[in-house]
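One file, protein.cif, is given below (mmCIF, C-alpha atoms).
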```
data_query
#
loop_
_atom_site.label_atom_id
_atom_site.label_comp_id
_atom_site.auth_asym_id
_atom_site.auth_seq_id
_atom_site.Cartn_x
_atom_site.Cartn_y
_atom_site.Cartn_z
CA MET O 157 128.42 111.40 35.52
CA ARG O 158 126.28 113.26 32.97
CA LYS O 159 126.20 110.15 30.77
CA THR O 160 124.93 108.06 33.70
CA GLY O 161 122.15 110.63 34.31
CA PHE O 162 121.00 110.41 30.70
CA ILE O 163 120.94 106.61 30.90
CA LEU O 164 118.80 106.70 34.08
CA LEU O 165 116.39 109.23 32.59
CA ALA O 166 116.07 107.19 29.41
CA ALA O 167 115.34 104.07 31.45
CA VAL O 168 112.56 105.85 33.38
CA ILE O 169 110.99 107.27 30.18
CA SER O 170 111.05 103.84 28.53
CA LEU O 171 109.31 102.35 31.58
CA VAL O 172 106.57 104.97 31.37
CA LEU O 173 106.05 104.61 27.59
CA PHE O 174 105.78 100.81 27.60
CA PRO O 175 102.16 99.74 27.02
CA TYR O 176 100.19 98.22 29.95
CA LYS O 177 99.77 94.49 29.71
CA THR O 178 97.83 93.58 32.83
CA LEU O 179 96.39 95.23 35.95
CA ALA O 180 97.55 93.40 39.06
CA ALA O 181 96.57 93.76 42.73
CA GLY O 182 99.54 95.87 43.79
CA GLY O 183 99.20 99.38 45.14
CA ILE O 184 100.41 102.09 47.51
CA TYR O 185 98.63 102.23 50.83
CA ALA O 186 98.70 104.44 53.94
CA SER O 187 98.55 102.95 57.44
CA GLY O 188 98.43 104.45 60.92
CA GLY O 189 96.15 107.15 62.19
CA GLY O 190 93.40 106.33 64.66
CA THR O 191 92.18 108.42 67.56
CA LYS O 192 94.68 110.88 68.97
CA THR O 193 94.64 113.90 71.28
CA VAL O 194 95.64 117.50 70.82
CA GLY O 195 99.39 117.79 71.29
CA GLN O 196 100.01 114.10 70.68
CA THR O 197 102.56 113.06 68.03
CA PHE O 198 101.89 110.02 65.84
CA THR O 199 103.23 108.38 62.66
CA VAL O 200 101.60 107.38 59.36
CA SER O 201 103.46 105.09 56.93
CA VAL O 202 102.96 104.92 53.17
CA ALA O 203 104.15 101.67 51.53
CA ALA O 204 103.94 99.96 48.13
CA SER O 205 103.20 96.20 48.08
CA GLY O 206 101.18 93.41 46.46
CA ALA O 207 103.26 92.85 43.29
CA ASP O 208 106.79 92.81 41.91
CA PHE O 209 107.64 96.28 40.58
CA ASN O 210 110.58 98.44 39.57
CA TYR O 211 108.73 101.73 39.09
CA LEU O 212 106.21 103.62 41.25
CA GLU O 213 104.39 106.91 41.25
CA GLY O 214 101.59 108.57 43.21
CA LYS O 215 100.54 111.49 45.30
CA ILE O 216 100.39 111.87 49.10
CA SER O 217 98.13 114.47 50.69
CA VAL O 218 97.80 115.33 54.39
CA SER O 219 94.61 116.97 55.60
CA GLY O 220 93.02 117.78 58.94
CA PRO O 221 94.00 119.56 62.18
CA VAL O 222 97.62 118.41 62.30
CA SER O 223 101.06 119.83 61.70
CA ILE O 224 103.75 117.90 59.83
CA VAL O 225 106.68 117.26 62.16
CA SER O 226 108.68 115.38 59.50
CA PHE O 227 108.14 113.88 56.01
CA SER O 228 110.81 111.25 55.21
CA ALA O 229 111.12 109.54 51.81
CA GLY O 230 112.07 105.87 51.47
CA ASN O 231 115.43 104.82 50.05
CA ALA O 232 114.66 104.24 46.36
CA ASP O 233 117.56 103.91 43.91
CA THR O 234 116.30 106.92 41.98
CA TRP O 235 113.77 109.52 42.99
CA ILE O 236 112.88 111.62 40.01
CA THR O 237 110.60 113.51 42.40
CA ARG O 238 110.73 112.69 46.09
CA PRO O 239 107.56 112.19 48.11
CA ASP O 240 106.20 115.32 49.81
CA ASN O 241 102.84 116.67 50.91
CA ASN O 242 100.45 117.37 48.00
CA ALA O 243 103.12 116.54 45.44
CA THR O 244 103.36 113.69 42.91
CA PHE O 245 106.39 111.46 43.39
CA TYR O 246 108.23 109.26 40.87
CA GLY O 247 110.78 106.57 41.67
CA ALA O 248 112.54 103.61 40.06
CA PHE O 249 114.73 100.60 40.91
CA LEU O 250 117.41 99.92 38.33
CA GLY O 251 118.29 96.35 37.49
CA LYS O 252 115.95 94.79 40.08
CA THR O 253 112.37 94.45 41.21
CA VAL O 254 110.88 94.67 44.71
CA ASN O 255 107.55 93.57 46.15
CA SER O 256 107.49 95.77 49.24
CA PHE O 257 108.81 99.27 49.75
CA THR O 258 108.25 102.07 52.28
CA VAL O 259 107.52 105.16 50.21
CA ALA O 260 107.36 107.67 53.07
CA THR O 261 107.17 107.95 56.87
CA ILE O 262 105.17 110.95 58.05
CA LYS O 263 105.23 112.19 61.65
CA LEU O 264 102.23 114.33 62.57
CA LYS O 265 101.10 116.26 65.64
CA GLY O 266 97.51 116.98 66.58
CA THR O 267 96.83 120.71 66.80
CA ALA O 268 93.06 120.93 67.39
CA PRO O 269 90.00 118.69 67.70
CA GLY O 270 88.75 117.36 64.37
CA SER O 271 89.29 114.68 61.69
CA GLY O 272 91.74 114.26 58.85
CA ALA O 273 93.62 111.73 56.75
CA VAL O 274 96.79 110.89 54.90
CA THR O 275 95.54 110.05 51.39
CA VAL O 276 97.39 108.28 48.57
CA SER O 277 96.13 108.86 45.00
CA ASN O 278 97.18 108.61 41.33
CA VAL O 279 99.00 105.37 42.06
CA SER O 280 100.90 103.42 39.43
CA LEU O 281 103.21 100.44 39.95
CA LYS O 282 105.04 99.02 36.92
CA ASN O 283 107.39 96.19 36.17
CA ALA O 284 109.39 96.49 32.94
CA GLY O 285 106.83 98.95 31.63
CA SER O 286 103.80 96.80 32.44
CA SER O 287 101.28 98.00 35.01
CA VAL O 288 101.16 95.75 38.06
CA GLY O 289 99.08 97.85 40.44
CA SER O 290 97.09 101.02 41.03
CA GLY O 291 95.49 100.39 44.43
CA ALA O 292 95.45 103.23 46.95
CA SER O 293 94.03 104.04 50.40
CA SER O 294 93.77 106.64 53.13
CA ALA O 295 94.77 106.49 56.80
CA GLY O 296 92.17 108.49 58.69
CA PHE O 297 92.57 109.96 62.16
CA THR O 298 90.50 111.81 64.72
CA ILE O 299 92.03 114.43 66.98
CA GLN O 300 90.28 114.81 70.30
CA LYS O 301 90.66 117.39 73.01
CA ALA O 302 93.28 116.27 75.53
CA PRO O 303 91.67 115.01 78.76
CA ASP O 304 91.50 117.69 81.42
CA LEU O 305 92.94 115.64 84.28
CA PRO O 306 93.78 117.03 87.72
CA GLY O 307 97.42 117.76 88.44
CA SER O 308 99.42 116.89 91.54
CA ILE O 309 97.76 118.01 94.75
CA SER O 310 99.64 120.19 97.24
CA VAL O 311 99.14 118.88 100.78
CA SER O 312 100.05 120.73 103.99
CA SER O 313 99.65 120.11 107.70
CA THR O 314 99.41 122.47 110.66
CA THR O 315 100.26 119.68 113.11
CA HIS O 316 103.06 118.00 111.13
CA PRO O 317 104.28 120.65 108.64
CA ASP O 318 107.65 119.13 107.67
CA PRO O 319 107.62 115.51 106.42
CA ALA O 320 111.32 115.24 107.30
CA GLN O 321 110.71 116.10 110.97
CA SER O 322 109.03 114.23 113.83
CA TYR O 323 106.36 115.76 116.05
CA GLU O 324 104.74 114.79 119.34
CA ALA O 325 101.20 115.59 118.21
CA THR O 326 99.04 112.47 118.00
CA ALA O 327 96.22 114.32 116.21
CA ILE O 328 96.84 114.91 112.50
CA SER O 329 95.35 117.87 110.62
CA LEU O 330 95.72 118.01 106.83
CA SER O 331 94.57 120.36 104.08
CA TRP O 332 95.10 120.60 100.33
CA THR O 333 94.35 122.67 97.25
CA LYS O 334 91.46 122.16 94.85
CA ALA O 335 91.81 123.07 91.15
CA SER O 336 88.83 124.41 89.20
CA ASN O 337 88.41 121.20 87.19
CA VAL O 338 88.38 118.90 90.23
CA THR O 339 85.03 117.40 91.23
CA GLY O 340 86.20 115.21 94.12
CA PHE O 341 89.08 113.45 95.87
CA SER O 342 90.01 109.94 96.88
CA TYR O 343 92.30 109.74 99.90
CA VAL O 344 93.47 107.38 102.61
CA LEU O 345 95.85 107.43 105.61
CA ASP O 346 97.98 104.35 106.31
CA GLN O 347 101.54 103.29 107.11
CA THR O 348 102.56 102.22 103.58
CA ALA O 349 104.64 104.65 101.54
CA ASP O 350 103.21 104.08 98.03
CA THR O 351 99.52 103.26 98.44
CA THR O 352 97.21 104.28 95.56
CA PRO O 353 93.75 105.32 96.78
CA PRO O 354 90.81 103.58 95.09
CA SER O 355 89.30 105.27 92.02
CA LYS O 356 86.19 106.20 93.94
CA ALA O 357 85.66 109.68 95.35
CA THR O 358 85.85 109.96 99.13
CA ASP O 359 84.41 113.48 99.11
CA ALA O 360 85.05 116.95 97.72
CA ASN O 361 86.42 118.39 100.97
CA THR O 362 89.83 120.06 101.13
CA SER O 363 90.79 119.00 104.68
CA ALA O 364 90.83 115.94 106.91
CA SER O 365 91.82 115.15 110.50
CA TYR O 366 92.74 111.98 112.39
CA ASP O 367 92.84 111.71 116.19
CA ASN O 368 94.71 109.56 118.70
CA LYS O 369 97.33 108.09 116.38
CA ALA O 370 100.10 106.00 117.93
CA VAL O 371 103.79 106.80 117.68
CA GLY O 372 105.08 105.87 114.22
CA THR O 373 105.26 106.94 110.57
CA TYR O 374 102.11 107.51 108.52
CA TYR O 375 101.41 108.43 104.90
CA PHE O 376 98.50 110.40 103.53
CA HIS O 377 97.68 109.47 99.92
CA ILE O 378 95.36 111.61 97.77
CA LYS O 379 94.37 112.01 94.12
CA GLY O 380 91.84 114.28 92.42
CA GLN O 381 89.03 113.49 89.98
CA SER O 382 87.74 115.59 87.08
CA ALA O 383 85.15 114.93 84.38
CA ASP O 384 87.90 113.36 82.26
CA GLY O 385 89.39 111.02 84.89
CA TRP O 386 91.82 110.77 87.80
CA GLY O 387 95.04 112.65 88.37
CA PRO O 388 98.34 111.44 89.88
CA VAL O 389 98.71 110.40 93.53
CA THR O 390 100.36 112.68 96.08
CA HIS O 391 101.99 111.03 99.14
CA PHE O 392 102.50 113.11 102.32
CA LYS O 393 104.67 111.70 105.13
CA ILE O 394 103.79 112.21 108.81
CA ASN O 395 106.13 111.28 111.70
CA ILE O 396 104.85 110.99 115.28
CA LYS O 397 107.49 110.61 118.00
CA GLU O 398 107.59 109.93 121.72
CA PRO O 399 107.05 113.10 123.76
CA ASP O 400 110.24 114.93 124.72
CA PRO O 401 111.03 115.45 128.42
CA LYS O 402 109.31 118.54 129.84
CA ILE O 403 110.52 120.97 132.51
CA ASN O 404 108.51 121.08 135.72
CA ASP O 405 108.93 124.62 137.03
CA GLN O 406 107.78 123.48 140.49
CA LEU O 407 111.02 121.54 140.95
CA SER O 408 114.24 123.07 142.28
CA LYS O 409 117.28 123.89 140.19
CA PRO O 410 120.35 121.71 140.86
CA SER O 411 122.71 123.53 143.24
CA GLU O 412 125.44 123.21 145.93
CA PHE O 413 128.16 122.35 143.46
CA LYS O 414 131.65 121.43 144.67
CA PHE O 415 134.88 120.56 142.87
CA GLU O 416 137.30 118.28 144.72
CA LYS O 417 140.68 117.01 143.60
CA LEU O 418 141.12 113.27 144.20
CA THR O 419 144.19 111.72 145.83
CA ASP O 420 145.13 109.83 142.66
CA TYR O 421 144.88 112.80 140.30
CA ILE O 422 147.06 113.06 137.19
CA ASN O 423 148.45 116.46 136.24
CA ASP O 424 150.01 115.92 132.79
CA ILE O 425 151.69 119.25 132.14
CA ALA O 426 153.32 118.09 128.90
CA ALA O 427 149.92 117.18 127.42
CA GLY O 428 148.17 120.11 129.09
CA THR O 429 145.57 117.80 130.68
CA PHE O 430 144.28 117.05 134.14
CA ALA O 431 142.39 114.01 135.43
CA GLY O 432 141.16 112.92 138.83
CA PHE O 433 138.56 115.21 140.38
CA LYS O 434 134.89 114.99 141.18
CA ILE O 435 131.97 117.33 140.70
CA SER O 436 129.26 116.98 143.32
CA GLY O 437 125.96 118.74 143.90
CA LYS O 438 122.33 118.35 144.75
CA THR O 439 119.19 117.84 142.65
CA GLU O 440 115.79 116.23 143.19
CA PRO O 441 115.92 112.89 145.06
CA ASN O 442 116.51 109.85 142.81
CA PHE O 443 116.79 112.05 139.71
CA SER O 444 119.69 111.79 137.28
CA ALA O 445 121.94 114.84 137.05
CA ASN O 446 122.73 115.70 133.42
CA LEU O 447 125.91 117.78 133.31
CA LYS O 448 126.79 120.11 130.45
CA LEU O 449 130.28 121.58 130.11
CA ASP O 450 131.35 124.35 127.79
CA PRO O 451 133.77 123.81 126.05
CA VAL O 452 132.36 120.37 125.25
CA LEU O 453 134.45 117.46 126.48
CA SER O 454 135.69 114.59 124.37
CA LEU O 455 134.37 111.65 126.37
CA PRO O 456 135.81 108.14 126.46
CA GLU O 457 133.69 105.49 124.77
CA GLY O 458 130.72 104.53 126.94
CA LYS O 459 131.11 107.55 129.23
CA THR O 460 128.24 110.04 129.64
CA LEU O 461 127.98 113.26 131.62
CA THR O 462 125.31 111.82 133.89
CA ALA O 463 125.26 110.96 137.58
CA LYS O 464 122.47 109.30 139.60
CA ALA O 465 121.36 111.17 142.71
CA ASP O 466 120.57 109.31 145.95
CA GLU O 467 117.43 109.54 148.06
CA ASN O 468 118.67 112.88 149.39
CA GLY O 469 119.33 114.24 145.90
CA LEU O 470 123.14 114.19 146.30
CA PHE O 471 125.21 113.18 143.30
CA GLU O 472 128.88 112.85 142.35
CA PHE O 473 130.47 112.76 138.93
CA LEU O 474 134.07 111.52 138.63
CA VAL O 475 136.26 113.12 135.98
CA ASP O 476 138.59 110.12 135.80
CA PHE O 477 139.70 110.84 132.23
CA PRO O 478 142.05 113.59 131.00
CA ILE O 479 140.54 116.93 130.05
CA LYS O 480 142.26 120.07 128.83
CA ALA O 481 143.31 122.58 131.43
CA GLY O 482 141.50 125.89 131.18
CA ARG O 483 138.18 127.51 131.94
CA TYR O 484 134.81 125.78 131.82
CA THR O 485 131.16 126.64 132.36
CA LEU O 486 129.03 124.01 134.10
CA THR O 487 125.23 123.73 134.05
CA VAL O 488 123.23 120.82 135.46
CA GLN O 489 119.66 119.66 134.89
CA GLY O 490 117.90 116.91 136.79
CA GLN O 491 115.82 114.32 134.95
CA ASN O 492 113.48 111.50 135.90
CA GLU O 493 112.20 109.85 132.71
CA LYS O 494 110.14 112.59 130.97
CA ILE O 495 110.34 115.08 133.87
CA LEU O 496 113.06 117.71 133.94
CA THR O 497 114.10 120.20 136.58
CA PRO O 498 114.91 123.78 135.59
CA ILE O 499 118.51 124.22 134.45
CA SER O 500 120.93 125.29 137.17
CA ASP O 501 122.62 128.64 137.29
CA PRO O 502 125.97 128.47 135.48
CA VAL O 503 129.08 127.77 137.49
CA TYR O 504 132.45 128.95 136.18
CA PHE O 505 135.62 127.10 137.11
CA GLU O 506 139.21 126.86 136.01
CA ILE O 507 141.55 123.88 135.90
CA SER O 508 145.04 125.22 136.65
CA GLN O 509 148.14 123.05 136.38
CA VAL O 510 150.42 125.11 138.60
CA LYS O 511 151.48 123.87 142.06
CA GLY O 512 150.46 120.32 141.28
CA GLY O 513 147.11 121.26 139.76
CA ARG O 514 144.19 123.20 141.21
CA ILE O 515 140.50 123.75 140.51
CA ASN O 516 139.42 127.35 141.03
CA ILE O 517 135.86 128.62 141.18
CA LEU O 518 135.45 131.79 139.11
CA THR O 519 132.77 134.39 138.58
CA ALA O 520 131.18 135.44 135.32
CA ASP O 521 133.08 138.73 135.54
CA ASP O 522 136.47 137.10 136.08
CA THR O 523 138.77 138.26 133.31
CA LYS O 524 142.01 136.69 134.45
CA GLU O 525 143.66 134.33 132.03
CA PRO O 526 143.99 130.69 133.13
CA VAL O 527 147.30 130.01 134.83
CA SER O 528 149.46 127.49 132.97
CA ALA O 529 152.24 125.46 134.48
CA THR O 530 155.83 126.18 133.47
CA ALA O 531 158.14 123.63 131.97
CA SER O 532 160.10 123.39 135.25
CA GLU O 533 157.02 121.99 136.90
CA THR O 534 157.11 118.90 134.76
CA THR O 535 159.45 117.44 137.48
CA PRO O 536 157.74 117.75 140.89
CA LYS O 537 159.79 118.85 143.90
CA TRP O 538 160.85 116.10 146.33
CA TYR O 539 158.31 117.24 148.89
CA GLN O 540 155.56 117.17 146.23
CA ARG O 541 156.29 113.50 145.62
CA ILE O 542 155.81 112.49 149.26
CA ASN O 543 152.76 110.38 150.02
CA TYR O 544 152.01 111.74 153.45
CA LYS O 545 149.46 109.09 154.32
CA ALA O 546 151.96 106.34 153.61
CA LEU O 547 154.68 108.24 155.48
CA SER O 548 152.42 108.59 158.53
CA ALA O 549 151.74 104.87 158.51
CA ILE O 550 155.45 104.07 158.31
CA LEU O 551 156.38 106.49 161.10
CA GLY O 552 153.58 105.08 163.27
CA GLY O 553 154.89 101.59 162.74
CA ILE O 554 158.43 102.65 163.64
CA LEU O 555 157.15 104.30 166.83
CA VAL O 556 155.27 101.17 167.89
CA ILE O 557 158.32 99.01 167.25
CA THR O 558 160.57 101.42 169.19
CA ILE O 559 158.26 101.44 172.21
CA GLY O 560 158.10 97.65 172.10
CA LEU O 561 161.85 97.34 171.98
CA PHE O 562 162.18 99.79 174.87
CA VAL O 563 159.74 97.83 177.04
CA PHE O 564 161.51 94.60 176.14
CA TYR O 565 164.84 96.18 177.15
CA ILE O 566 163.51 97.30 180.59
CA ILE O 567 162.07 93.85 181.30
CA ARG O 568 165.24 92.06 180.29
CA ARG O 569 167.37 94.43 182.40
CA LYS O 570 165.32 93.76 185.54
CA GLN O 571 165.59 90.05 184.96
CA PHE O 572 169.36 90.35 184.60
CA GLU O 573 169.67 92.38 187.81
CA ARG O 574 167.61 89.79 189.74
CA LEU O 575 169.88 87.01 188.40
CA ILE O 576 173.00 88.85 189.66
CA ARG O 577 171.57 89.27 193.17
CA ASN O 578 170.76 85.59 193.38
CA ILE O 579 174.28 84.65 192.43
CA LYS O 580 175.74 86.86 195.17
#
```

How would this structure read if it were set down as structure tokens?
Amino acid sequence: MRKTGFILLAAVISLVLFPYKTLAAGGIYASGGGTKTVGQTFTVSVAASGADFNYLEGKISVSGPVSIVSFSAGNADTWITRPDNNATFYGAFLGKTVNSFTVATIKLKGTAPGSGAVTVSNVSLKNAGSSVGSGASSAGFTIQKAPDLPGSISVSSTTHPDPAQSYEATAISLSWTKASNVTGFSYVLDQTADTTPPSKATDANTSASYDNKAVGTYYFHIKGQSADGWGPVTHFKINIKEPDPKINDQLSKPSEFKFEKLTDYINDIAAGTFAGFKISGKTEPNFSANLKLDPVLSLPEGKTLTAKADENGLFEFLVDFPIKAGRYTLTVQGQNEKILTPISDPVYFEISQVKGGRINILTADDTKEPVSATASETTPKWYQRINYKALSAILGGILVITIGLFVFYIIRRKQFERLIRNIK
């Protein structure tokens, strides 16, 4: 290893001591630079070119209002001294020549306004001891103050404060902040989400209002202007919805509620459910009665807790689907499009499964537990299974037939007696 080092050093010394034969056009040059801003990072490259060479030397100096982020040397076979700032470098290529080589890559960062350069000096390119180039150059740069552009603008609204919510207000009121460097704003209201306002100041105001807007989604777009240019665009979303129904306190509360068990009810004790009763009551004529039950029912698909009242305000709602036995609280509110009645007083009722199933009206102070059916009631008594309407019809039919047969018997007997007399 030591022997190889001596050989390399001897080769470099012999290259330096050989007399110059010619002066060619090769050299080491810096490129990059230009106009930058404070805080901006940029790169300057130093490269040798213009002739075939196997030895190079020179000096790189960085000046001006910059900091060196990194200073990377090229991959020469042998660096006697590697390139660095304000230091002379020496390098060689053993057994070959090159005609282009990156000596160093320097990454710089602007730190203040001003000018500077990356300068290459004391250049020497050689090939087998003969000089083939000594050209050099500088890469100048100017560091400017970073433009003082406006930042993002904070927009708020007293009429539509939350962009994720919808509001009934058709008049839109908006306001926004103004930074010290801002001289004006460009803004526009439309129904496109990503509009960029034109780069022409609308005014320097910090508020705007728009009246009589239709139901829909709108976007307010705004950007600020300073002496150095325009800032980014802020987009503010505004949702206007159809007005919600409103309560008319001059209307009457729904009332006169009744609970009636239907003939074809189903009392499923095993499942703990009951079906087949109706809730009736009274609201404003031709209004819809919106029922609310607590606990909330699990409704069949397509079923709603709504019943249409007639011209007298009477309505009926059929509970023709199974609901859990237990206690419920009922409230009703009438509605006609956007007009609502006041909400009814609550009605408390209990669905009991004992004795074939009953519906009991309770009071708010009732503390009794709901009455559940026992397992023995899963099989109704024989008299509970009788359909009394059908039985009445059957008995009536039997009575009519009996009377008919009796009349027929009397008539036939008289005819028989008359026949006997005639024979005698």

Given the file shown, enumerate the residues that the PyMOL selection byres ((chain O and resi 490) around 12) captures and present them as number ranges by chain.
O: 401-405, 407-411, 437-448, 461-465, 469-471, 487-489, 491-500

8 Å per side around segment 267-270 of chain O: axis-aligned box centre and edge lengths, as JSON:
```
{"center_x": 92.8, "center_y": 119.1, "center_z": 66.0, "size_x": 24.1, "size_y": 19.6, "size_z": 19.3}
```

- Task: Find the residues near Lys334 of chain O: any atom within 10 Å, counting only C-alpha atoms, skip ones fewer than 6 places away on the same chain, and give them as a VMD selection string.
- Result: chain O and resid 306 to 307 309 to 310 340 to 341 360 to 362 380

One decimal place gives the atom CA of Ala229 of chain O-atom CA of Ser286 of chain O separation as 24.3 Å

Of O:Ser223, O:Ser187, O:Ser312, O:Ser293, the one sitting nearest Thr261 of chain O when using only C-alpha atoms is O:Ser187

Quiz prompt | Output of the PyMOL selection byres ((chain O and resi 297) around 6), listed as an MDAnalysis selection string | solution = chainID O and resid 189:191 271:273 296 298

Handout entry: Interatomic distance, atom CA of Val389 of chain O to atom CA of Thr352 of chain O (Å, one decimal)
Key =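 Atom-to-atom, atom CA of Val389 of chain O and atom CA of Thr352 of chain O are spaced 6.6 Å apart.
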
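Minimum distance to Lys301 of chain O across O:Ala327, O:Pro502, O:Gly266, O:Pro478 (counting all atoms listed in the file) occurs at O:Gly266.
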
Top pick for closest residue to Ser365 of chain O, considering O:Ile550, O:Leu330, O:Ala427, O:Lys215 and counting all atoms listed in the file =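 Checking each of O:Ile550, O:Leu330, O:Ala427, O:Lys215 against Ser365 of chain O, counting all atoms listed in the file, the winner is O:Leu330.
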
**Which residue of O:Val274, O:Val279, O:Leu561, O:Ala325 approaches Ile396 of chain O most closely, using only C-alpha atoms** =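 Of O:Val274, O:Val279, O:Leu561, O:Ala325, the one nearest Ile396 of chain O, counting only C-alpha atoms, is O:Ala325.
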